[in-house]
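Source file upload36.tsv; content: TSV, C-alpha atoms.
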```
chain	number	residue	atom	x	y	z
A	12	MET	CA	-15.54	-21.73	-3.92
A	13	LYS	CA	-15.57	-18.72	-1.65
A	14	VAL	CA	-12.99	-17.25	0.72
A	15	VAL	CA	-13.47	-14.29	3.06
A	16	GLY	CA	-11.01	-12.26	5.06
A	17	CYS	CA	-10.10	-9.04	6.84
A	18	THR	CA	-6.99	-6.92	6.41
A	19	ALA	CA	-5.61	-4.21	8.68
A	20	CYS	CA	-2.15	-2.79	9.32
A	21	PRO	CA	-0.58	-0.39	11.83
A	22	SER	CA	-0.96	2.80	9.82
A	23	GLY	CA	-3.88	1.76	7.64
A	24	VAL	CA	-2.65	3.84	4.75
A	25	ALA	CA	-1.72	1.42	2.03
A	26	HIS	CA	-0.96	-2.19	2.92
A	27	THR	CA	-4.49	-2.90	4.15
A	28	TYR	CA	-5.78	-2.16	0.66
A	29	MET	CA	-2.95	-3.69	-1.31
A	30	ALA	CA	-3.32	-6.97	0.57
A	31	ALA	CA	-7.08	-7.00	-0.08
A	32	GLU	CA	-6.60	-6.33	-3.78
A	33	ALA	CA	-3.79	-8.87	-4.12
A	34	LEU	CA	-5.96	-11.60	-2.60
A	35	ILE	CA	-8.91	-10.75	-4.84
A	36	LEU	CA	-6.73	-10.77	-7.98
A	37	SER	CA	-5.11	-14.08	-7.05
A	38	GLY	CA	-8.54	-15.49	-6.30
A	39	GLU	CA	-9.66	-14.60	-9.83
A	40	LYS	CA	-6.68	-16.50	-11.22
A	41	TYR	CA	-7.72	-19.67	-9.40
A	42	GLY	CA	-11.47	-19.27	-9.82
A	43	ILE	CA	-12.09	-18.48	-6.15
A	44	GLU	CA	-14.54	-15.78	-5.11
A	45	VAL	CA	-12.76	-13.62	-2.55
A	46	CYS	CA	-14.44	-11.06	-0.28
A	47	ILE	CA	-12.14	-8.97	1.89
A	48	GLU	CA	-13.20	-6.48	4.53
A	49	THR	CA	-10.69	-3.66	4.96
A	50	GLN	CA	-10.15	-2.07	8.36
A	51	GLY	CA	-7.90	0.85	7.51
A	52	GLY	CA	-7.65	4.60	7.28
A	53	CYS	CA	-11.05	4.76	5.57
A	54	GLY	CA	-12.72	2.91	8.43
A	55	ILE	CA	-14.36	-0.46	7.87
A	56	GLU	CA	-15.24	-1.06	4.22
A	57	ASN	CA	-16.74	-4.00	2.34
A	58	LYS	CA	-18.03	-5.36	5.63
A	59	LEU	CA	-18.54	-9.11	5.40
A	60	CYS	CA	-22.08	-10.36	5.68
A	61	LEU	CA	-22.99	-13.48	7.63
A	62	GLU	CA	-23.90	-15.47	4.50
A	63	ASP	CA	-20.47	-14.85	2.99
A	64	ILE	CA	-18.76	-16.00	6.16
A	65	GLU	CA	-20.95	-19.09	6.32
A	66	GLU	CA	-20.27	-20.04	2.70
A	67	ALA	CA	-16.51	-19.48	2.90
A	68	VAL	CA	-14.23	-22.52	2.96
A	69	CYS	CA	-11.75	-20.57	5.03
A	70	VAL	CA	-10.98	-17.14	6.46
A	71	ILE	CA	-7.83	-15.09	5.87
A	72	LEU	CA	-6.91	-12.56	8.56
A	73	SER	CA	-3.90	-10.28	8.71
A	74	ASN	CA	-2.20	-10.46	12.06
A	75	ASP	CA	-0.18	-7.25	12.32
A	76	ILE	CA	-2.80	-5.62	14.53
A	77	ASN	CA	-6.10	-6.72	16.04
A	78	ILE	CA	-8.97	-7.41	13.69
A	79	GLU	CA	-12.29	-6.01	14.84
A	80	GLY	CA	-15.05	-8.55	15.18
A	81	GLU	CA	-12.95	-11.69	15.11
A	82	GLU	CA	-15.66	-13.59	16.98
A	83	ARG	CA	-17.59	-13.70	13.70
A	84	PHE	CA	-15.21	-16.40	12.48
A	85	LYS	CA	-15.58	-18.76	15.40
A	86	GLY	CA	-15.57	-22.36	14.20
A	87	LYS	CA	-14.10	-21.49	10.79
A	88	LYS	CA	-10.69	-22.48	9.50
A	89	VAL	CA	-8.58	-19.33	9.85
A	90	LEU	CA	-5.30	-18.50	8.11
A	91	ARG	CA	-3.31	-15.70	9.78
A	92	MET	CA	-0.46	-13.83	8.14
A	93	GLY	CA	1.17	-10.41	8.07
A	94	VAL	CA	-0.12	-7.96	5.44
A	95	SER	CA	3.23	-7.86	3.65
A	96	ASP	CA	3.21	-11.63	3.28
A	97	LEU	CA	-0.38	-11.57	2.08
A	98	ILE	CA	0.70	-9.18	-0.69
A	99	THR	CA	3.75	-11.10	-1.86
A	100	LYS	CA	2.36	-14.62	-1.37
A	101	SER	CA	-1.26	-14.15	-2.47
A	102	ASP	CA	-0.90	-16.51	-5.45
A	103	ALA	CA	0.61	-19.27	-3.33
A	104	ILE	CA	-2.10	-18.84	-0.71
A	105	MET	CA	-4.91	-19.21	-3.24
A	106	ALA	CA	-3.21	-22.19	-4.90
A	107	LYS	CA	-2.98	-23.87	-1.50
A	108	ILE	CA	-6.63	-23.15	-0.68
A	109	LYS	CA	-7.74	-24.47	-4.05
A	110	LYS	CA	-5.79	-27.68	-3.44
A	111	THR	CA	-6.92	-28.13	0.16
A	112	PHE	CA	-10.67	-27.55	-0.10
B	2	MET	CA	-8.48	18.08	-5.64
B	3	TYR	CA	-5.22	16.29	-6.30
B	4	LEU	CA	-2.59	14.19	-4.56
B	5	ILE	CA	0.67	15.08	-6.26
B	6	ASP	CA	2.36	18.26	-7.46
B	7	LYS	CA	4.24	18.16	-10.75
B	8	ASP	CA	7.39	19.14	-8.83
B	9	CYS	CA	7.03	16.05	-6.66
B	10	ILE	CA	7.75	13.63	-9.50
B	11	ILE	CA	11.50	13.16	-9.52
B	12	PHE	CA	13.39	10.96	-11.98
B	13	ASP	CA	16.99	9.73	-11.93
B	14	ILE	CA	17.60	10.17	-8.19
B	15	LYS	CA	21.23	9.33	-7.48
B	16	ASP	CA	20.97	8.45	-3.79
B	17	ASN	CA	22.69	5.31	-2.52
B	18	THR	CA	20.63	4.30	0.49
B	19	LYS	CA	16.98	3.99	1.42
B	20	GLU	CA	17.39	6.67	4.07
B	21	GLU	CA	18.82	9.13	1.55
B	22	VAL	CA	15.97	8.45	-0.86
B	23	ILE	CA	13.33	9.01	1.81
B	24	GLN	CA	15.12	12.19	2.88
B	25	THR	CA	15.12	13.49	-0.70
B	26	LEU	CA	11.40	12.86	-1.14
B	27	VAL	CA	10.46	14.25	2.28
B	28	CYS	CA	12.44	17.45	1.64
B	29	LYS	CA	10.62	17.93	-1.64
B	30	LEU	CA	7.26	17.71	0.12
B	31	GLU	CA	8.41	20.36	2.59
B	32	LYS	CA	9.65	22.56	-0.23
B	33	VAL	CA	6.30	22.57	-2.01
B	34	GLY	CA	4.60	23.31	1.31
B	35	ASN	CA	2.69	20.07	1.86
B	36	ILE	CA	4.35	19.23	5.16
B	37	ASP	CA	5.57	21.42	8.01
B	38	ASP	CA	8.53	19.70	9.51
B	39	ALA	CA	10.69	17.56	7.21
B	40	SER	CA	12.89	16.09	9.94
B	41	GLN	CA	9.88	15.05	12.05
B	42	PHE	CA	8.12	13.47	9.08
B	43	TYR	CA	11.34	11.72	8.05
B	44	GLN	CA	11.46	10.13	11.52
B	45	ASP	CA	7.80	9.11	11.30
B	46	VAL	CA	8.36	7.40	7.95
B	47	LEU	CA	11.47	5.58	9.17
B	48	LYS	CA	9.59	4.41	12.24
B	49	ARG	CA	7.04	2.75	9.98
B	50	GLU	CA	9.82	1.18	7.88
B	51	LYS	CA	11.31	-0.34	11.02
B	52	LEU	CA	8.06	-2.19	11.77
B	53	SER	CA	8.40	-3.85	8.39
B	54	ALA	CA	9.94	-2.60	5.17
B	55	THR	CA	7.39	-1.30	2.67
B	56	VAL	CA	8.72	-3.04	-0.43
B	57	ILE	CA	5.80	-4.42	-2.48
B	58	GLY	CA	7.61	-6.37	-5.22
B	59	ASP	CA	8.77	-5.39	-8.72
B	60	GLU	CA	11.36	-3.02	-7.20
B	61	MET	CA	8.61	-0.86	-5.81
B	62	GLY	CA	8.56	0.75	-2.37
B	63	LEU	CA	5.71	2.51	-0.63
B	64	PRO	CA	7.03	4.36	2.42
B	65	HIS	CA	4.38	6.28	4.29
B	66	GLY	CA	3.54	8.10	7.45
B	67	ARG	CA	0.53	9.52	9.21
B	68	SER	CA	1.74	12.55	10.99
B	69	GLN	CA	0.74	15.83	12.56
B	70	CYS	CA	3.18	17.72	10.38
B	71	VAL	CA	1.28	16.78	7.21
B	72	LYS	CA	-0.74	19.82	6.07
B	73	ARG	CA	-2.54	18.07	3.25
B	74	PRO	CA	-2.47	14.41	2.21
B	75	CYS	CA	-0.02	14.07	-0.65
B	76	LEU	CA	2.45	11.93	-2.56
B	77	CYS	CA	5.99	12.25	-3.81
B	78	PHE	CA	7.27	9.89	-6.52
B	79	GLY	CA	10.90	9.01	-7.14
B	80	ARG	CA	12.54	6.89	-9.81
B	81	LEU	CA	16.08	5.99	-8.85
B	82	HIS	CA	19.18	5.94	-11.01
B	83	LYS	CA	19.97	2.52	-9.57
B	84	PRO	CA	18.09	0.34	-7.06
B	85	VAL	CA	18.84	0.56	-3.32
B	86	ILE	CA	18.32	-2.10	-0.66
B	87	TRP	CA	14.92	-1.51	0.93
B	88	ASP	CA	14.58	-4.54	3.18
B	89	GLU	CA	17.69	-5.30	5.22
B	90	LYS	CA	16.38	-8.75	6.13
B	91	THR	CA	15.54	-10.03	2.67
B	92	HIS	CA	17.91	-7.72	0.73
B	93	GLU	CA	15.06	-6.80	-1.57
B	94	GLU	CA	15.84	-3.75	-3.68
B	95	VAL	CA	13.68	-0.82	-4.71
B	96	ARG	CA	13.92	1.50	-7.67
B	97	TYR	CA	10.47	3.12	-7.80
B	98	VAL	CA	9.22	4.89	-4.71
B	99	ILE	CA	5.90	6.46	-3.82
B	100	LEU	CA	6.07	8.34	-0.55
B	101	ILE	CA	2.63	8.80	0.99
B	102	ALA	CA	1.98	11.52	3.54
B	103	ALA	CA	-1.34	11.26	5.34
B	104	MET	CA	-2.80	13.24	8.19
B	105	LYS	CA	-3.15	11.79	11.64
B	106	GLN	CA	-6.91	12.11	11.83
B	107	SER	CA	-8.25	11.48	8.39
B	108	ALA	CA	-10.62	8.56	8.74
B	109	ASN	CA	-13.26	8.50	6.04
B	110	ASP	CA	-12.00	11.54	4.25
B	111	ILE	CA	-11.86	11.70	0.52
B	112	TYR	CA	-8.05	11.77	0.36
B	113	MET	CA	-7.81	8.53	2.30
B	114	LYS	CA	-10.16	7.06	-0.29
B	115	MET	CA	-7.89	8.25	-3.09
B	116	ILE	CA	-4.85	6.76	-1.40
B	117	SER	CA	-6.56	3.43	-0.75
B	118	SER	CA	-7.77	3.31	-4.33
B	119	LEU	CA	-4.22	4.01	-5.51
B	120	ALA	CA	-2.84	1.26	-3.26
B	121	ARG	CA	-5.27	-1.21	-4.83
B	122	LYS	CA	-4.28	-0.15	-8.35
B	123	LEU	CA	-0.64	-0.78	-7.57
B	124	MET	CA	-1.42	-4.49	-7.42
B	125	HIS	CA	-2.22	-4.44	-11.17
B	126	ASP	CA	0.64	-4.85	-13.65
B	127	GLU	CA	-0.73	-2.36	-16.16
B	128	TYR	CA	-0.58	0.44	-13.57
B	129	ARG	CA	2.85	-0.54	-12.30
B	130	MET	CA	4.08	-0.19	-15.90
B	131	ILE	CA	3.21	3.49	-15.85
B	132	LEU	CA	5.45	4.03	-12.84
B	133	THR	CA	8.33	2.02	-14.24
B	134	ASN	CA	8.24	3.17	-17.86
B	135	GLY	CA	5.96	6.19	-18.18
B	136	THR	CA	6.90	9.82	-18.74
B	137	LYS	CA	6.53	12.38	-15.97
B	138	GLU	CA	3.25	13.41	-17.55
B	139	ASP	CA	2.00	9.78	-17.49
B	140	VAL	CA	2.98	9.37	-13.84
B	141	TYR	CA	1.36	12.67	-12.91
B	142	ARG	CA	-1.88	11.74	-14.61
B	143	PHE	CA	-1.96	8.25	-13.09
B	144	LEU	CA	-1.25	9.36	-9.53
B	145	ASN	CA	-3.91	12.05	-9.68
B	146	GLU	CA	-6.55	9.98	-11.40
B	147	THR	CA	-7.17	7.50	-8.65
B	148	MET	CA	-10.73	8.46	-7.83
B	149	GLN	CA	-12.30	6.25	-10.47
B	150	SER	CA	-12.85	2.56	-9.73
```

Do you think you could lay out the structure here as structure tokens?
Amino acid sequence: MKVVGCTACPSGVAHTYMAAEALILSGEKYGIEVCIETQGGCGIENKLCLEDIEEAVCVILSNDINIEGEERFKGKKVLRMGVSDLITKSDAIMAKIKKTF
Amino acid sequence: MYLIDKDCIIFDIKDNTKEEVIQTLVCKLEKVGNIDDASQFYQDVLKREKLSATVIGDEMGLPHGRSQCVKRPCLCFGRLHKPVIWDEKTHEEVRYVILIAAMKQSANDIYMKMISSLARKLMHDEYRMILTNGTKEDVYRFLNETMQS
């Protein structure tokens, strides 16, 4: 099972990256392959490729600020949450995804 | 090439509020010459906290600011004598604080990469242990060795 997502936050210093890492770690726990594109102080990194987006059962997007290139996820199931919540609730999110898909 | 000065690792801080803690750490950064204007940077950091508190679980807080008064990207670490409330809404407390000072225009620079790599490592229990239980030397080594991975 694969999940993709993008994280970004107002200052782009830390939470963008912590949320990405938290989701990847929680994914490992539940046997889900997680690819997260970060849009932060380092620019856009780990840019998602079209195949990954196509294969993903759902898309996780942070909603604190605009995500660049949101049109890429048209037609996909999208989960939106603040970066802080993504960090603290990453396990619960992955458990829910595992159960749902 | 480093992020933190030895002087910027402070243990047993006896402040009672989040604001006092941030003030203590900001003043230290000014003292070692990494930022220009402590009161301006203090305001910048508080502004970010107001958007949403930077508590990240396990009594850890990660206040930060991107500001013109930052001369070089840097960190200041504080371990508190007793936890203080970091998030007024949830009453979550913080005892271990990493203050991050980044420059306004620093996209793609190597320091931003170090900081983002550090942020990722903070999601791993084994690294958090260093901040909660390590010696000053351990903390210093960890916070400056974030380039790998």

Compile a residue-level contact table for chain B against chain A at a cut-off of 10 Å, reporting for every qualifying residue the shortest atom pair and its distance in Å to one decimal, with all atoms listed in the file counted, rows ordered by chain and ascending number, as a tab-separated table.
```
residue	atom	partner	partner_atom	distance
B:Arg49	CA	A:Ser22	CA	8.0
B:Leu52	CA	A:Pro21	CA	8.8
B:Ser53	CA	A:Ser95	CA	8.1
B:Ala54	CA	A:Ser95	CA	8.7
B:Thr55	CA	A:Ser95	CA	7.8
B:Val56	CA	A:Ser95	CA	8.4
B:Ile57	CA	A:Thr99	CA	7.0
B:Gly58	CA	A:Thr99	CA	7.0
B:Leu63	CA	A:Ala25	CA	8.0
B:Pro64	CA	A:Ala25	CA	9.2
B:His65	CA	A:Val24	CA	7.5
B:Gly66	CA	A:Ser22	CA	7.3
B:Arg67	CA	A:Ser22	CA	6.9
B:Ile101	CA	A:Val24	CA	8.2
B:Ala102	CA	A:Val24	CA	9.0
B:Ala103	CA	A:Val24	CA	7.6
B:Met104	CA	A:Gly52	CA	9.9
B:Lys105	CA	A:Ser22	CA	9.4
B:Gln106	CA	A:Gly52	CA	8.8
B:Ser107	CA	A:Gly52	CA	7.0
B:Ala108	CA	A:Cys53	CA	5.0
B:Asn109	CA	A:Cys53	CA	4.4
B:Asp110	CA	A:Cys53	CA	7.0
B:Ile111	CA	A:Cys53	CA	8.6
B:Tyr112	CA	A:Cys53	CA	9.2
B:Met113	CA	A:Cys53	CA	6.0
B:Lys114	CA	A:Cys53	CA	6.4
B:Met115	CA	A:Cys53	CA	9.9
B:Ile116	CA	A:Ala25	CA	7.1
B:Ser117	CA	A:Tyr28	CA	5.8
B:Ser118	CA	A:Tyr28	CA	7.7
B:Leu119	CA	A:Ala25	CA	8.4
B:Ala120	CA	A:Met29	CA	5.3
B:Arg121	CA	A:Met29	CA	4.9
B:Lys122	CA	A:Met29	CA	8.0
B:Leu123	CA	A:Met29	CA	7.3
B:Met124	CA	A:Ala33	CA	6.0
B:His125	CA	A:Leu36	CA	8.4
```

*Can you list, as an MDAnalysis selection string, every protein, DNA or RNA residue that comes within 9 Å of stretch 20-36 of chain B when you count only C-alpha atoms, leaving out same-chain residues fewer than 2 positions away?*
chainID B and resid 6 8:9 11 14:18 38:40 42:43 46:47 64 69:79 81 85 98:100 102

*Straight-line distance linking atom CA of A:Ser73 with atom CA of A:Ile47, stated in Å to one decimal*: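 Interatomic distance, atom CA of A:Ser73 to atom CA of A:Ile47: 10.8 Å.
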
*Shell of 12 Å around B:Gly135, only C-alpha atoms, local chain residues under 5 positions omitted, as a ChimeraX atom specification*: /B:10,12,80,97,127-130,140-144

Go ahead and save the residues from that selection, with C-alpha atoms, as a PDB file, keeping the file's coordinate frame.
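As written to disk, result18.pdb reads:
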```pdb
ATOM      1  CA  ILE B  10       7.750  13.630  -9.500  1.00  0.00           C
ATOM      2  CA  PHE B  12      13.390  10.960 -11.980  1.00  0.00           C
ATOM      3  CA  ARG B  80      12.540   6.890  -9.810  1.00  0.00           C
ATOM      4  CA  TYR B  97      10.470   3.120  -7.800  1.00  0.00           C
ATOM      5  CA  GLU B 127      -0.730  -2.360 -16.160  1.00  0.00           C
ATOM      6  CA  TYR B 128      -0.580   0.440 -13.570  1.00  0.00           C
ATOM      7  CA  ARG B 129       2.850  -0.540 -12.300  1.00  0.00           C
ATOM      8  CA  MET B 130       4.080  -0.190 -15.900  1.00  0.00           C
ATOM      9  CA  VAL B 140       2.980   9.370 -13.840  1.00  0.00           C
ATOM     10  CA  TYR B 141       1.360  12.670 -12.910  1.00  0.00           C
ATOM     11  CA  ARG B 142      -1.880  11.740 -14.610  1.00  0.00           C
ATOM     12  CA  PHE B 143      -1.960   8.250 -13.090  1.00  0.00           C
ATOM     13  CA  LEU B 144      -1.250   9.360  -9.530  1.00  0.00           C
TER      14      LEU B 144
END
```

*Given the choices A:Lys40, A:Arg83, A:Lys88, A:Lys100, which gets closest to A:Val14 if the distance is worked out from all atoms listed in the file?*
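Checking each candidate against A:Val14, we get A:Lys88 as the closest.
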
*When you draw a straight line from atom CA of A:Met105 to atom CA of A:Ser37, how long is it in Å?*
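Interatomic distance here is 6.4 Å.
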
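Across the structure, atom CA of A:Lys109 and atom CA of A:Glu82 are spaced 25.0 Å apart.
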
Write out as a PDB file with C-alpha atoms, keeping the file's coordinate frame each polymer residue whose atoms come within 10 Å of A:Ile78, counting only C-alpha atoms; drop sequence neighbours fewer than 5 positions from it.
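What ended up in result37.pdb:
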```
ATOM      1  CA  CYS A  17     -10.100  -9.040   6.840  1.00  0.00           C
ATOM      2  CA  THR A  18      -6.990  -6.920   6.410  1.00  0.00           C
ATOM      3  CA  ALA A  19      -5.610  -4.210   8.680  1.00  0.00           C
ATOM      4  CA  CYS A  20      -2.150  -2.790   9.320  1.00  0.00           C
ATOM      5  CA  THR A  49     -10.690  -3.660   4.960  1.00  0.00           C
ATOM      6  CA  GLN A  50     -10.150  -2.070   8.360  1.00  0.00           C
ATOM      7  CA  LEU A  72      -6.910 -12.560   8.560  1.00  0.00           C
ATOM      8  CA  SER A  73      -3.900 -10.280   8.710  1.00  0.00           C
TER       9      SER A  73
END
```

_Contacts of A:Leu59 at 8 Å (all atoms listed in the file; same-chain gap of 5+ positions) as a ChimeraX atom specification_ = /A:15,46-48,64

*With all atoms listed in the file as the atoms that count, which of B:Val95, B:Asp126, B:Glu89, B:Asp13 lies nearest to B:Met61?*
B:Val95

_Please determine, counting only C-alpha atoms, which residue among A:Ile108, A:Ile43, A:Leu97, A:Ala103 has the shortest atom-to-atom distance to A:Cys69._
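Going through A:Ile108, A:Ile43, A:Leu97, A:Ala103 one by one, the smallest distance to A:Cys69 is for A:Ile108.
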
*asked:* Applying 8 Å and only C-alpha atoms, which residues near B:Glu94 remain after dropping the ones on its own chain fewer than 3 positions away? List them as a count of residues only.
replied: 7
